Amino acid sequence: AQSRGSAIRIAQASPTIADCIITQNIGVPVGGAAVVGGSPAFIGVRFVANSGVEAGGLSVVGGSIDLSGVVFESNIGNAGGIFARGSSLSIERATFSRNGSSSSGGSGAGLSLLGSEFEIERSTFVGNGTVEDLPGGGRAFATFAGGGVYAIESRGTIDACRFVGNAAARGGGVYFRSTAEGEQIVVTNTLFNANEAGAASGAVDRKSTRLNSSHL
């Protein structure tokens, strides 16, 4: 494992990576790819079965990133698919499927955002979040919050997306906490179906967030 990314590391650069498969990599803190600064683009890239501490698939710190037609499947980390801090993300036509959390403190099995700006369009989040059946009944949630998306002190939009069968202790579909002035998350034209939470809000757990959702 490398210090930043097992498969790909991008530092203060802006390449385009297209039509690649990044799979079965193990790294600290991220398994698939690490972006530190710069403005790279990932087009038609598949992140499959990668694992790391901070993120399984992709970590973005202080960068601006475009993702189009990407797939994040079966990645494991504190954030399974993507972890972003202090960054800007544009995501369209992406699929986040069966990504999970490696510990009970994990948040954002599909996508975890801290202090970031984002646009997510025409994307699908299905079956993300780690949950197990307990002997004798009951459910144990390894993903603490945000089975699909977890966003703290971030702002952005989610439009024409689908959240189906995601699970977390709080906010099975999405978990938002937006505390600073001027931070707002707007959700439109989006389907939430069969998401599960252990304590609160199977679909959406939010605070200081504008939500305008409708079925696709």
# chains A, B, ... in the order shown; residues from 1 in each chain; ligands from 1
$ residues_around --residues "segment 65-71 of chain A" --least-positions-apart "3" --cutoff "7 Å" --atoms "only C-alpha atoms" --output "number ranges by chain"
A: 39-47, 88-96
$ select_by_dssp --residues "segment 36-121 of chain A" --states "strand (DSSP E)" --output "JSON, numbers by chain"
{"A": [36, 41, 42, 43, 46, 47, 48, 51, 52, 58, 59, 60, 61, 64, 65, 66, 67, 68, 71, 72, 73, 76, 77, 82, 83, 84, 85, 88, 89, 90, 91, 92, 95, 96, 97, 100, 101, 106, 107, 111, 112, 113, 114, 117, 118, 119, 120, 121]}
$ residues_around --residues "segment 192-199 of chain A" --least-positions-apart "5" --cutoff "10 Å" --atoms "only C-alpha atoms" --output "count of residues only"
36
$ closest_residue --among "A:Gly110, A:Gln184, A:Pro135, A:Glu121" --to "Asp159 of chain A" --atoms "only C-alpha atoms"
A:Glu121
$ residues_around --residues "Gly38 of chain A" --least-positions-apart "3" --cutoff "12 Å" --atoms "only C-alpha atoms" --output "list in words"
Arg9, Ile10, Ala11, Gln12, Ala13, Ser14, Pro15, Thr16, Ala34, Val35, Ala41, Val60, Val61, Gly62, Gly63, Ser64, Ile65, Asp66, Ser87, Ser88 and Leu89 of chain A
$ write_last_selection --atoms "N, CA and C atoms" --output "PDB file, in the first residue's frame"
ATOM      1  N   ARG A   9      -2.339   8.011  -7.887  1.00  0.00           N
ATOM      2  CA  ARG A   9      -2.206   9.211  -7.059  1.00  0.00           C
ATOM      3  C   ARG A   9      -2.047  10.413  -7.966  1.00  0.00           C
ATOM      4  N   ILE A  10      -2.910  11.428  -7.775  1.00  0.00           N
ATOM      5  CA  ILE A  10      -2.861  12.664  -8.564  1.00  0.00           C
ATOM      6  C   ILE A  10      -2.657  13.824  -7.596  1.00  0.00           C
ATOM      7  N   ALA A  11      -1.564  14.544  -7.749  1.00  0.00           N
ATOM      8  CA  ALA A  11      -1.246  15.661  -6.858  1.00  0.00           C
ATOM      9  C   ALA A  11      -1.029  16.922  -7.674  1.00  0.00           C
ATOM     10  N   GLN A  12      -1.903  17.923  -7.490  1.00  0.00           N
ATOM     11  CA  GLN A  12      -1.790  19.218  -8.165  1.00  0.00           C
ATOM     12  C   GLN A  12      -1.657  19.046  -9.677  1.00  0.00           C
ATOM     13  N   ALA A  13      -2.464  18.156 -10.230  1.00  0.00           N
ATOM     14  CA  ALA A  13      -2.449  17.903 -11.667  1.00  0.00           C
ATOM     15  C   ALA A  13      -3.877  17.707 -12.156  1.00  0.00           C
ATOM     16  N   SER A  14      -4.060  17.754 -13.480  1.00  0.00           N
ATOM     17  CA  SER A  14      -5.417  17.716 -14.032  1.00  0.00           C
ATOM     18  C   SER A  14      -5.522  16.784 -15.238  1.00  0.00           C
ATOM     19  N   PRO A  15      -5.209  15.512 -15.049  1.00  0.00           N
ATOM     20  CA  PRO A  15      -5.332  14.569 -16.161  1.00  0.00           C
ATOM     21  C   PRO A  15      -6.785  14.135 -16.368  1.00  0.00           C
ATOM     22  N   THR A  16      -7.050  13.511 -17.517  1.00  0.00           N
ATOM     23  CA  THR A  16      -8.328  12.844 -17.768  1.00  0.00           C
ATOM     24  C   THR A  16      -8.063  11.343 -17.809  1.00  0.00           C
ATOM     25  N   ALA A  34      -6.272   8.523  -5.259  1.00  0.00           N
ATOM     26  CA  ALA A  34      -6.198   9.682  -4.377  1.00  0.00           C
ATOM     27  C   ALA A  34      -5.942  10.929  -5.201  1.00  0.00           C
ATOM     28  N   VAL A  35      -6.742  11.972  -4.958  1.00  0.00           N
ATOM     29  CA  VAL A  35      -6.573  13.262  -5.628  1.00  0.00           C
ATOM     30  C   VAL A  35      -6.291  14.309  -4.558  1.00  0.00           C
ATOM     31  N   ALA A  41     -10.387  14.624 -14.316  1.00  0.00           N
ATOM     32  CA  ALA A  41     -11.674  14.106 -14.752  1.00  0.00           C
ATOM     33  C   ALA A  41     -11.586  12.590 -14.864  1.00  0.00           C
ATOM     34  N   VAL A  60     -10.670  12.626  -2.415  1.00  0.00           N
ATOM     35  CA  VAL A  60     -10.406  13.934  -3.024  1.00  0.00           C
ATOM     36  C   VAL A  60     -10.222  14.959  -1.912  1.00  0.00           C
ATOM     37  N   VAL A  61      -9.056  15.573  -1.849  1.00  0.00           N
ATOM     38  CA  VAL A  61      -8.758  16.574  -0.818  1.00  0.00           C
ATOM     39  C   VAL A  61      -8.278  17.849  -1.498  1.00  0.00           C
ATOM     40  N   GLY A  62      -9.039  18.917  -1.350  1.00  0.00           N
ATOM     41  CA  GLY A  62      -8.633  20.203  -1.908  1.00  0.00           C
ATOM     42  C   GLY A  62      -8.592  20.239  -3.414  1.00  0.00           C
ATOM     43  N   GLY A  63      -9.407  19.420  -4.062  1.00  0.00           N
ATOM     44  CA  GLY A  63      -9.399  19.368  -5.519  1.00  0.00           C
ATOM     45  C   GLY A  63     -10.748  19.715  -6.119  1.00  0.00           C
ATOM     46  N   SER A  64     -10.770  19.818  -7.428  1.00  0.00           N
ATOM     47  CA  SER A  64     -11.995  20.027  -8.191  1.00  0.00           C
ATOM     48  C   SER A  64     -12.071  18.904  -9.216  1.00  0.00           C
ATOM     49  N   ILE A  65     -13.130  18.098  -9.163  1.00  0.00           N
ATOM     50  CA  ILE A  65     -13.130  16.858  -9.926  1.00  0.00           C
ATOM     51  C   ILE A  65     -14.438  16.682 -10.683  1.00  0.00           C
ATOM     52  N   ASP A  66     -14.326  16.169 -11.909  1.00  0.00           N
ATOM     53  CA  ASP A  66     -15.483  15.830 -12.723  1.00  0.00           C
ATOM     54  C   ASP A  66     -15.543  14.311 -12.872  1.00  0.00           C
ATOM     55  N   SER A  87     -13.446  20.173  -1.197  1.00  0.00           N
ATOM     56  CA  SER A  87     -13.319  19.975  -2.638  1.00  0.00           C
ATOM     57  C   SER A  87     -14.602  20.344  -3.373  1.00  0.00           C
ATOM     58  N   SER A  88     -14.515  20.315  -4.703  1.00  0.00           N
ATOM     59  CA  SER A  88     -15.669  20.555  -5.563  1.00  0.00           C
ATOM     60  C   SER A  88     -15.845  19.338  -6.470  1.00  0.00           C
ATOM     61  N   LEU A  89     -17.079  18.800  -6.505  1.00  0.00           N
ATOM     62  CA  LEU A  89     -17.340  17.597  -7.284  1.00  0.00           C
ATOM     63  C   LEU A  89     -18.524  17.814  -8.213  1.00  0.00           C
TER      64      LEU A  89
END
$ closest_residue --among "A:Ile152, A:Ile82, A:Ile17, A:Val36" --to "Arg177 of chain A" --atoms "only C-alpha atoms"
A:Ile152
$ closest_residue --among "A:Ile76, A:Ala18, A:Ile185, A:Val53" --to "Ser116 of chain A" --atoms "only C-alpha atoms"
A:Ile185
